[in-house]
$ cat input.cif   # mmCIF, C-alpha atoms
data_final
loop_
_atom_site.group_PDB
_atom_site.id
_atom_site.type_symbol
_atom_site.label_atom_id
_atom_site.label_comp_id
_atom_site.auth_asym_id
_atom_site.auth_seq_id
_atom_site.Cartn_x
_atom_site.Cartn_y
_atom_site.Cartn_z
ATOM 1 C CA MET A 217 116.543 119.686 121.432
ATOM 2 C CA VAL A 218 117.065 119.623 117.714
ATOM 3 C CA GLU A 219 116.053 122.843 116.076
ATOM 4 C CA ARG A 220 113.311 122.010 113.670
ATOM 5 C CA LYS A 221 113.300 123.589 110.263
ATOM 6 C CA ARG A 222 109.845 124.746 109.259
ATOM 7 C CA LEU A 223 108.732 122.549 106.412
ATOM 8 C CA GLN A 224 105.052 123.308 106.385
ATOM 9 C CA ASP A 225 105.533 125.680 103.433
ATOM 10 C CA ASP A 226 108.102 123.569 101.594
ATOM 11 C CA VAL A 227 107.353 122.892 97.922
ATOM 12 C CA CYS A 228 108.228 119.227 98.461
ATOM 13 C CA PRO A 229 105.213 117.115 99.481
ATOM 14 C CA SER A 230 107.477 114.572 101.241
ATOM 15 C CA ALA A 231 108.884 117.333 103.430
ATOM 16 C CA ARG A 232 105.410 118.562 104.360
ATOM 17 C CA ALA A 233 104.317 115.019 105.116
ATOM 18 C CA LEU A 234 107.282 114.550 107.464
ATOM 19 C CA ASP A 235 106.453 117.865 109.097
ATOM 20 C CA VAL A 236 103.018 116.509 109.973
ATOM 21 C CA ILE A 237 103.636 112.838 110.734
ATOM 22 C CA GLY A 238 107.416 112.561 110.961
ATOM 23 C CA ASP A 239 107.644 111.570 114.533
ATOM 24 C CA TRP A 240 107.925 108.080 115.633
ATOM 25 C CA TRP A 241 105.035 107.932 118.094
ATOM 26 C CA SER A 242 102.515 109.454 115.737
ATOM 27 C CA LEU A 243 102.997 106.789 113.090
ATOM 28 C CA LEU A 244 102.859 104.001 115.668
ATOM 29 C CA ILE A 245 99.539 105.383 116.933
ATOM 30 C CA VAL A 246 98.289 105.510 113.331
ATOM 31 C CA ARG A 247 99.435 101.913 112.836
ATOM 32 C CA ASP A 248 97.491 100.818 115.928
ATOM 33 C CA ALA A 249 94.422 102.747 114.766
ATOM 34 C CA PHE A 250 94.544 100.844 111.451
ATOM 35 C CA ASP A 251 94.720 97.696 113.559
ATOM 36 C CA GLY A 252 91.410 98.633 115.239
ATOM 37 C CA LEU A 253 92.607 100.173 118.488
ATOM 38 C CA SER A 254 90.547 103.194 119.544
ATOM 39 C CA ARG A 255 90.856 103.771 123.323
ATOM 40 C CA PHE A 256 93.496 105.642 125.273
ATOM 41 C CA GLY A 257 94.208 102.558 127.376
ATOM 42 C CA GLU A 258 94.535 100.334 124.315
ATOM 43 C CA PHE A 259 97.135 102.619 122.746
ATOM 44 C CA GLN A 260 98.958 102.876 126.048
ATOM 45 C CA GLN A 261 99.123 99.138 126.464
ATOM 46 C CA SER A 262 100.223 98.570 122.884
ATOM 47 C CA LEU A 263 102.892 101.251 122.842
ATOM 48 C CA GLY A 264 104.194 101.232 126.419
ATOM 49 C CA ILE A 265 104.133 105.033 126.309
ATOM 50 C CA ALA A 266 103.801 107.477 129.214
ATOM 51 C CA LYS A 267 100.261 108.832 129.637
ATOM 52 C CA ASN A 268 101.253 112.482 129.218
ATOM 53 C CA ILE A 269 103.154 111.769 126.005
ATOM 54 C CA LEU A 270 100.332 109.659 124.586
ATOM 55 C CA ALA A 271 97.793 112.362 125.446
ATOM 56 C CA ALA A 272 99.911 115.010 123.685
ATOM 57 C CA ARG A 273 100.384 112.858 120.592
ATOM 58 C CA LEU A 274 96.685 112.003 120.354
ATOM 59 C CA ARG A 275 95.778 115.673 120.720
ATOM 60 C CA SER A 276 98.242 116.590 117.978
ATOM 61 C CA LEU A 277 96.879 113.893 115.640
ATOM 62 C CA VAL A 278 93.346 115.214 116.222
ATOM 63 C CA GLN A 279 94.471 118.818 115.601
ATOM 64 C CA ARG A 280 96.125 117.740 112.368
ATOM 65 C CA GLY A 281 92.964 116.035 111.166
ATOM 66 C CA ILE A 282 94.394 112.506 111.205
ATOM 67 C CA LEU A 283 92.318 111.204 114.113
ATOM 68 C CA GLN A 284 88.815 112.186 115.193
ATOM 69 C CA THR A 285 87.193 111.587 118.543
ATOM 70 C CA SER A 286 83.776 110.348 119.522
ATOM 71 C CA PRO A 287 82.336 109.715 122.986
ATOM 72 C CA ALA A 288 82.485 106.129 124.219
ATOM 73 C CA GLU A 289 81.032 104.576 127.376
ATOM 74 C CA ALA A 290 81.958 105.765 130.875
ATOM 75 C CA GLY A 291 82.657 109.307 129.653
ATOM 76 C CA ARG A 292 85.761 108.181 127.755
ATOM 77 C CA MET A 293 86.849 109.091 124.263
ATOM 78 C CA SER A 294 87.233 106.842 121.276
ATOM 79 C CA TYR A 295 89.740 107.714 118.537
ATOM 80 C CA GLN A 296 89.286 106.814 114.873
ATOM 81 C CA LEU A 297 91.212 107.589 111.735
ATOM 82 C CA THR A 298 89.710 110.316 109.565
ATOM 83 C CA PRO A 299 89.745 109.927 105.763
ATOM 84 C CA LYS A 300 93.025 111.917 105.799
ATOM 85 C CA GLY A 301 94.382 109.464 108.369
ATOM 86 C CA ARG A 302 93.191 106.458 106.389
ATOM 87 C CA ASP A 303 95.059 107.799 103.374
ATOM 88 C CA LEU A 304 98.257 107.043 105.326
ATOM 89 C CA PHE A 305 97.652 103.356 104.542
ATOM 90 C CA PRO A 306 100.264 103.252 101.728
ATOM 91 C CA VAL A 307 102.830 104.943 104.017
ATOM 92 C CA MET A 308 102.308 102.244 106.643
ATOM 93 C CA VAL A 309 102.488 99.471 104.055
ATOM 94 C CA ALA A 310 105.666 100.949 102.550
ATOM 95 C CA LEU A 311 107.352 101.123 105.977
ATOM 96 C CA ARG A 312 106.246 97.568 106.735
ATOM 97 C CA GLN A 313 107.512 96.236 103.442
ATOM 98 C CA TRP A 314 110.931 97.836 103.907
ATOM 99 C CA GLY A 315 111.114 96.481 107.465
ATOM 100 C CA GLU A 316 110.300 93.008 106.173
ATOM 101 C CA GLN A 317 112.955 93.240 103.483
ATOM 102 C CA HIS A 318 115.804 94.500 105.624
ATOM 103 C CA LEU A 319 115.210 94.241 109.355
ATOM 104 C CA PHE A 320 114.377 90.585 109.957
ATOM 105 C CA GLU A 321 116.504 87.485 109.910
ATOM 106 C CA SER A 322 115.298 84.772 107.593
ATOM 107 C CA GLY A 323 112.539 82.840 109.375
ATOM 108 C CA GLU A 324 112.280 85.336 112.245
ATOM 109 C CA ARG A 325 108.817 85.811 113.781
ATOM 110 C CA ARG A 326 106.934 88.744 112.318
ATOM 111 C CA SER A 327 103.421 90.035 111.953
ATOM 112 C CA ARG A 328 102.028 90.031 108.426
ATOM 113 C CA LEU A 329 99.623 92.273 106.549
ATOM 114 C CA VAL A 330 97.335 90.086 104.481
ATOM 115 C CA GLU A 331 94.289 90.524 102.308
ATOM 116 C CA ARG A 332 91.218 89.726 104.380
ATOM 117 C CA ASP A 333 89.529 87.572 101.749
ATOM 118 C CA THR A 334 92.444 85.506 100.550
ATOM 119 C CA GLY A 335 94.999 85.610 103.396
ATOM 120 C CA GLU A 336 97.644 86.534 100.830
ATOM 121 C CA VAL A 337 100.357 89.047 101.707
ATOM 122 C CA VAL A 338 99.652 92.607 100.575
ATOM 123 C CA ARG A 339 102.209 94.294 98.318
ATOM 124 C CA LEU A 340 102.942 97.845 97.349
ATOM 125 C CA GLU A 341 104.491 99.069 94.125
ATOM 126 C CA VAL A 342 105.473 102.355 92.585
ATOM 127 C CA ARG A 343 104.056 102.566 89.084
ATOM 128 C CA ALA A 344 104.221 104.767 86.050
ATOM 129 C CA ALA A 345 101.037 106.211 84.578
ATOM 130 C CA ASN A 346 100.810 103.205 82.231
ATOM 131 C CA GLY A 347 100.899 100.789 85.186
ATOM 132 C CA ARG A 348 104.492 99.606 84.733
ATOM 133 C CA PRO A 349 106.366 99.092 88.046
ATOM 134 C CA ILE A 350 109.288 101.530 88.276
ATOM 135 C CA GLY A 351 112.314 102.117 90.502
ATOM 136 C CA PRO A 352 114.168 105.219 91.645
ATOM 137 C CA ASP A 353 116.280 105.455 88.463
ATOM 138 C CA ASP A 354 113.123 105.728 86.362
ATOM 139 C CA ALA A 355 111.858 108.796 88.239
ATOM 140 C CA MET A 356 112.994 112.358 88.775
ATOM 141 C CA ILE A 357 111.905 115.359 90.815
ATOM 142 C CA VAL A 358 110.653 118.394 88.916
ATOM 143 C CA LYS A 359 110.896 121.594 90.951
ATOM 144 C CA PRO A 360 108.095 124.108 90.557
ATOM 145 C CA ASP A 361 108.638 127.056 88.268
ATOM 146 C CA PRO A 362 109.714 130.015 90.495
ATOM 147 C CA LEU A 363 106.957 132.131 88.947
ATOM 148 C CA GLU A 364 104.259 129.480 89.225
ATOM 149 C CA ARG A 365 101.803 130.052 92.013
ATOM 150 C CA MET B 257 113.624 113.852 126.072
ATOM 151 C CA VAL B 258 111.005 111.301 125.172
ATOM 152 C CA GLU B 259 111.864 107.855 126.423
ATOM 153 C CA ARG B 260 112.134 105.649 123.421
ATOM 154 C CA LYS B 261 110.654 102.199 123.512
ATOM 155 C CA ARG B 262 112.970 99.644 121.982
ATOM 156 C CA LEU B 263 111.354 98.450 118.804
ATOM 157 C CA GLN B 264 114.280 96.740 117.177
ATOM 158 C CA ASP B 265 112.964 93.334 118.273
ATOM 159 C CA ASP B 266 109.278 94.053 117.654
ATOM 160 C CA VAL B 267 107.410 91.472 115.558
ATOM 161 C CA CYS B 268 105.867 94.315 113.538
ATOM 162 C CA PRO B 269 107.982 95.285 110.510
ATOM 163 C CA SER B 270 106.525 98.819 110.513
ATOM 164 C CA ALA B 271 107.722 99.303 114.090
ATOM 165 C CA ARG B 272 111.228 98.128 113.234
ATOM 166 C CA ALA B 273 111.297 100.373 110.197
ATOM 167 C CA LEU B 274 110.351 103.364 112.351
ATOM 168 C CA ASP B 275 113.031 102.377 114.844
ATOM 169 C CA VAL B 276 115.621 102.669 112.075
ATOM 170 C CA ILE B 277 114.403 105.591 109.969
ATOM 171 C CA GLY B 278 111.672 107.162 112.079
ATOM 172 C CA ASP B 279 113.298 110.466 112.593
ATOM 173 C CA TRP B 280 112.570 113.389 110.516
ATOM 174 C CA TRP B 281 116.111 114.358 109.465
ATOM 175 C CA SER B 282 117.066 110.868 108.356
ATOM 176 C CA LEU B 283 114.244 110.644 105.834
ATOM 177 C CA LEU B 284 114.932 114.132 104.507
ATOM 178 C CA ILE B 285 118.585 113.158 103.960
ATOM 179 C CA VAL B 286 117.392 110.003 102.175
ATOM 180 C CA ARG B 287 115.075 112.122 100.043
ATOM 181 C CA ASP B 288 117.967 114.388 99.046
ATOM 182 C CA ALA B 289 120.169 111.390 98.288
ATOM 183 C CA PHE B 290 117.465 110.092 95.910
ATOM 184 C CA ASP B 291 117.546 113.546 94.361
ATOM 185 C CA GLY B 292 121.270 113.134 93.602
ATOM 186 C CA LEU B 293 122.848 115.047 96.489
ATOM 187 C CA SER B 294 125.990 113.369 97.826
ATOM 188 C CA ARG B 295 128.196 115.930 99.640
ATOM 189 C CA PHE B 296 128.040 117.151 103.196
ATOM 190 C CA GLY B 297 127.746 120.748 102.009
ATOM 191 C CA GLU B 298 124.933 119.903 99.593
ATOM 192 C CA PHE B 299 122.870 118.272 102.331
ATOM 193 C CA GLN B 300 123.603 121.153 104.648
ATOM 194 C CA GLN B 301 122.470 123.713 102.112
ATOM 195 C CA SER B 302 119.341 121.771 101.216
ATOM 196 C CA LEU B 303 118.250 121.061 104.774
ATOM 197 C CA GLY B 304 119.429 124.148 106.663
ATOM 198 C CA ILE B 305 120.686 121.828 109.395
ATOM 199 C CA ALA B 306 123.460 122.428 111.938
ATOM 200 C CA LYS B 307 126.751 120.761 110.968
ATOM 201 C CA ASN B 308 127.005 118.652 114.115
ATOM 202 C CA ILE B 309 123.468 117.318 113.704
ATOM 203 C CA LEU B 310 123.979 116.567 110.017
ATOM 204 C CA ALA B 311 127.262 114.784 110.783
ATOM 205 C CA ALA B 312 125.557 112.638 113.436
ATOM 206 C CA ARG B 313 122.641 111.765 111.150
ATOM 207 C CA LEU B 314 124.922 110.867 108.240
ATOM 208 C CA ARG B 315 127.043 108.678 110.542
ATOM 209 C CA SER B 316 123.926 106.934 111.808
ATOM 210 C CA LEU B 317 122.623 106.332 108.261
ATOM 211 C CA VAL B 318 125.991 104.809 107.312
ATOM 212 C CA GLN B 319 126.013 102.624 110.448
ATOM 213 C CA ARG B 320 122.522 101.415 109.604
ATOM 214 C CA GLY B 321 123.549 100.470 106.085
ATOM 215 C CA ILE B 322 121.328 103.040 104.365
ATOM 216 C CA LEU B 323 124.141 105.259 103.063
ATOM 217 C CA GLN B 324 127.668 104.311 102.063
ATOM 218 C CA THR B 325 130.655 106.607 101.712
ATOM 219 C CA SER B 326 133.305 106.901 99.051
ATOM 220 C CA PRO B 327 136.204 109.354 98.831
ATOM 221 C CA ALA B 328 135.616 112.420 96.675
ATOM 222 C CA GLU B 329 138.049 115.163 95.645
ATOM 223 C CA ALA B 330 139.848 117.379 98.179
ATOM 224 C CA GLY B 331 139.804 114.631 100.827
ATOM 225 C CA ARG B 332 136.035 114.924 101.236
ATOM 226 C CA MET B 333 133.465 112.171 101.466
ATOM 227 C CA SER B 334 130.657 111.399 99.090
ATOM 228 C CA TYR B 335 127.481 109.713 100.357
ATOM 229 C CA GLN B 336 125.345 107.377 98.259
ATOM 230 C CA LEU B 337 122.328 105.229 99.005
ATOM 231 C CA THR B 338 123.053 101.526 99.439
ATOM 232 C CA PRO B 339 120.623 98.956 97.971
ATOM 233 C CA LYS B 340 118.920 98.930 101.402
ATOM 234 C CA GLY B 341 118.643 102.713 101.195
ATOM 235 C CA ARG B 342 117.324 102.617 97.646
ATOM 236 C CA ASP B 343 114.620 100.216 98.799
ATOM 237 C CA LEU B 344 113.178 103.180 100.756
ATOM 238 C CA PHE B 345 111.912 104.550 97.433
ATOM 239 C CA PRO B 346 108.299 103.406 98.017
ATOM 240 C CA VAL B 347 108.360 104.972 101.511
ATOM 241 C CA MET B 348 109.394 108.310 100.029
ATOM 242 C CA VAL B 349 106.796 108.075 97.266
ATOM 243 C CA ALA B 350 104.071 107.171 99.777
ATOM 244 C CA LEU B 351 104.943 110.167 101.984
ATOM 245 C CA ARG B 352 105.002 112.425 98.944
ATOM 246 C CA GLN B 353 101.661 111.183 97.679
ATOM 247 C CA TRP B 354 99.987 111.746 101.035
ATOM 248 C CA GLY B 355 101.534 115.214 101.260
ATOM 249 C CA GLU B 356 100.197 116.023 97.796
ATOM 250 C CA GLN B 357 96.729 114.792 98.697
ATOM 251 C CA HIS B 358 96.340 116.588 102.000
ATOM 252 C CA LEU B 359 98.911 119.299 102.635
ATOM 253 C CA PHE B 360 98.637 121.604 99.629
ATOM 254 C CA GLU B 361 96.026 124.095 98.588
ATOM 255 C CA SER B 362 94.612 123.564 95.146
ATOM 256 C CA GLY B 363 97.041 125.082 92.635
ATOM 257 C CA GLU B 364 99.768 125.678 95.217
ATOM 258 C CA ARG B 365 103.373 125.366 93.983
ATOM 259 C CA ARG B 366 104.868 121.952 94.582
ATOM 260 C CA SER B 367 107.660 119.745 93.337
ATOM 261 C CA ARG B 368 106.569 116.680 91.388
ATOM 262 C CA LEU B 369 107.955 113.169 91.016
ATOM 263 C CA VAL B 370 107.663 112.159 87.384
ATOM 264 C CA GLU B 371 108.748 109.277 85.236
ATOM 265 C CA ARG B 372 111.961 110.269 83.451
ATOM 266 C CA ASP B 373 110.922 108.988 80.026
ATOM 267 C CA THR B 374 107.365 110.282 79.852
ATOM 268 C CA GLY B 375 107.226 113.176 82.348
ATOM 269 C CA GLU B 376 104.075 111.632 83.797
ATOM 270 C CA VAL B 377 103.472 111.727 87.537
ATOM 271 C CA VAL B 378 104.504 108.568 89.412
ATOM 272 C CA ARG B 379 101.849 106.760 91.466
ATOM 273 C CA LEU B 380 101.942 104.218 94.211
ATOM 274 C CA GLU B 381 99.309 101.623 95.006
ATOM 275 C CA VAL B 382 98.766 98.901 97.545
ATOM 276 C CA ARG B 383 97.781 95.729 95.749
ATOM 277 C CA ALA B 384 96.583 92.250 96.526
ATOM 278 C CA ALA B 385 98.516 89.247 95.250
ATOM 279 C CA ASN B 386 96.273 89.190 92.151
ATOM 280 C CA GLY B 387 97.170 92.819 91.345
ATOM 281 C CA ARG B 388 93.879 94.387 92.466
ATOM 282 C CA PRO B 389 94.320 97.769 94.247
ATOM 283 C CA ILE B 390 93.129 97.496 97.853
ATOM 284 C CA GLY B 391 92.449 99.808 100.788
ATOM 285 C CA PRO B 392 92.808 99.455 104.546
ATOM 286 C CA ASP B 393 89.464 97.679 104.970
ATOM 287 C CA ASP B 394 90.596 94.913 102.644
ATOM 288 C CA ALA B 395 93.642 94.075 104.743
ATOM 289 C CA MET B 396 94.338 92.775 108.233
ATOM 290 C CA ILE B 397 97.354 92.150 110.452
ATOM 291 C CA VAL B 398 98.155 88.553 111.341
ATOM 292 C CA LYS B 399 100.246 88.278 114.513
ATOM 293 C CA PRO B 400 102.902 85.574 114.597
ATOM 294 C CA ASP B 401 102.115 82.339 116.365
ATOM 295 C CA PRO B 402 103.671 82.606 119.880
ATOM 296 C CA LEU B 403 105.479 79.312 119.295
ATOM 297 C CA GLU B 404 106.687 80.235 115.835
ATOM 298 C CA ARG B 405 110.359 81.153 115.619
#
$ encode --input "input.cif" --output "C-alpha cells"
Amino acid sequence: MVERKRLQDDVCPSARALDVIGDWWSLLIVRDAFDGLSRFGEFQQSLGIAKNILAARLRSLVQRGILQTSPAEAGRMSYQLTPKGRDLFPVMVALRQWGEQHLFESGERRSRLVERDTGEVVRLEVRAANGRPIGPDDAMIVKPDPLER
Amino acid sequence: MVERKRLQDDVCPSARALDVIGDWWSLLIVRDAFDGLSRFGEFQQSLGIAKNILAARLRSLVQRGILQTSPAEAGRMSYQLTPKGRDLFPVMVALRQWGEQHLFESGERRSRLVERDTGEVVRLEVRAANGRPIGPDDAMIVKPDPLER
C-alpha cells in the first residue's frame, strides 16, 4: 500500500479535492450518477466492480456529502448526487475534454457530452475575471500569508 | 489491491482520462509541475513522498507523455510538462475550484490561482457552443453508434 499523505488540511484546494475524490472508482461512480444511474446494480453493471468495493465506495461518497441516499422500491436504496456532488460537473467535463484531446485516435468511437437543447458539444474554458480565455502561463499560484488565518 | 478494470479502450473520454491520470500522486506531481517545480528533490520535498514511489510515478508520467525530461546540472534530470501535460490545466483548475467551494471553512487559509497580470482569481466555466454557461441538467451523454468506428 502507498502511504497516503494527509492533505485534508493542505492550503491548496486542488490537494484537498484530490484527498476527497482522488480515487479512480469514486469519480467513475460520480460520472455514472451524472448520467442518471442511481441503483447499486446499475453502478455494478456499468463499472464491472466487485460488490464489496462498490459498497465501500458508495458509503464513502455518502459520508463525504457527494451522494445522498433515498429509499427505492423493494427495500433498496437509490443514490443521487448532492449539490456538492453536482458541483463536480466541471471536473468531469475537464477530464472528458482532456481524454478527447489526447486519448483517442482520429475517428475512434467515443461518447460525447452535448447540450440537451442543441445537440452541440459542450466545452470548458479557464477564464480571467474579464472573461478572456487563459492558459497556464497566464496564471500563478499565490500562497497564503503565513500569518493569515 | 483493488482489481482495476481496463478503461483504456472505453468509449467514454472521462474513463480513459482517469485510466491515465486517475491516481492521486500523478495529479499532485502535475500540479507541482504547473507551479514550476522540475527536480526530483523539489517534488519530493513538496509531496513528502517516498523516493521509490516518486521515481515510479515520474517514470509513468514520462511514459504516458505527460512529462518530458531534460538533463540538468550535476547529471540530474529536469522534468517539464509536455503539451499533453499542459492541457491538464483545466482539470487542475476544476479540482481547485471545487476544493475552494466545498472543502474550506469561510476565511480559512488557502492558496489562490490568480491571473498574472491582474492578480484576479481565475475561474472556469462549462459553456455551450454559443458561449452560454451551462450546468449538468443542460447536458447529456450521447453514446456512440454501435456500428460507428
$ resolve_selection --input "input.cif" --expression "the PyMOL selection byres ((chain A) within 7 of (chain B))" --output "PyMOL selection string"
chain A and resi 227-234+238-240+244+251+300+303-308+310-312+314-316+318-319+323-332+336-345+352+354-360+364-365
$ atom_distance --input "input.cif" --atom1 "CA of Phe299 (chain B)" --atom2 "CA of Leu337 (chain B)"
13.5 Å
$ closest_residue --input "input.cif" --among "A:Ser254, A:Gln261, A:Ser294, A:Ser242" --to "Arg280 (chain A)" --atoms "all atoms listed in the file"
A:Ser242
$ atom_distance --input "input.cif" --atom1 "CA of Leu277 (chain A)" --atom2 "CA of Ala249 (chain A)"
11.4 Å
$ atom_distance --input "input.cif" --atom1 "CA of Gly291 (chain A)" --atom2 "CA of Val246 (chain A)"
22.9 Å
$ closest_residue --input "input.cif" --among "B:Ser362, B:Gln300, B:Thr338, B:Ser326" --to "Arg313 (chain B)" --atoms "all atoms listed in the file"
B:Gln300
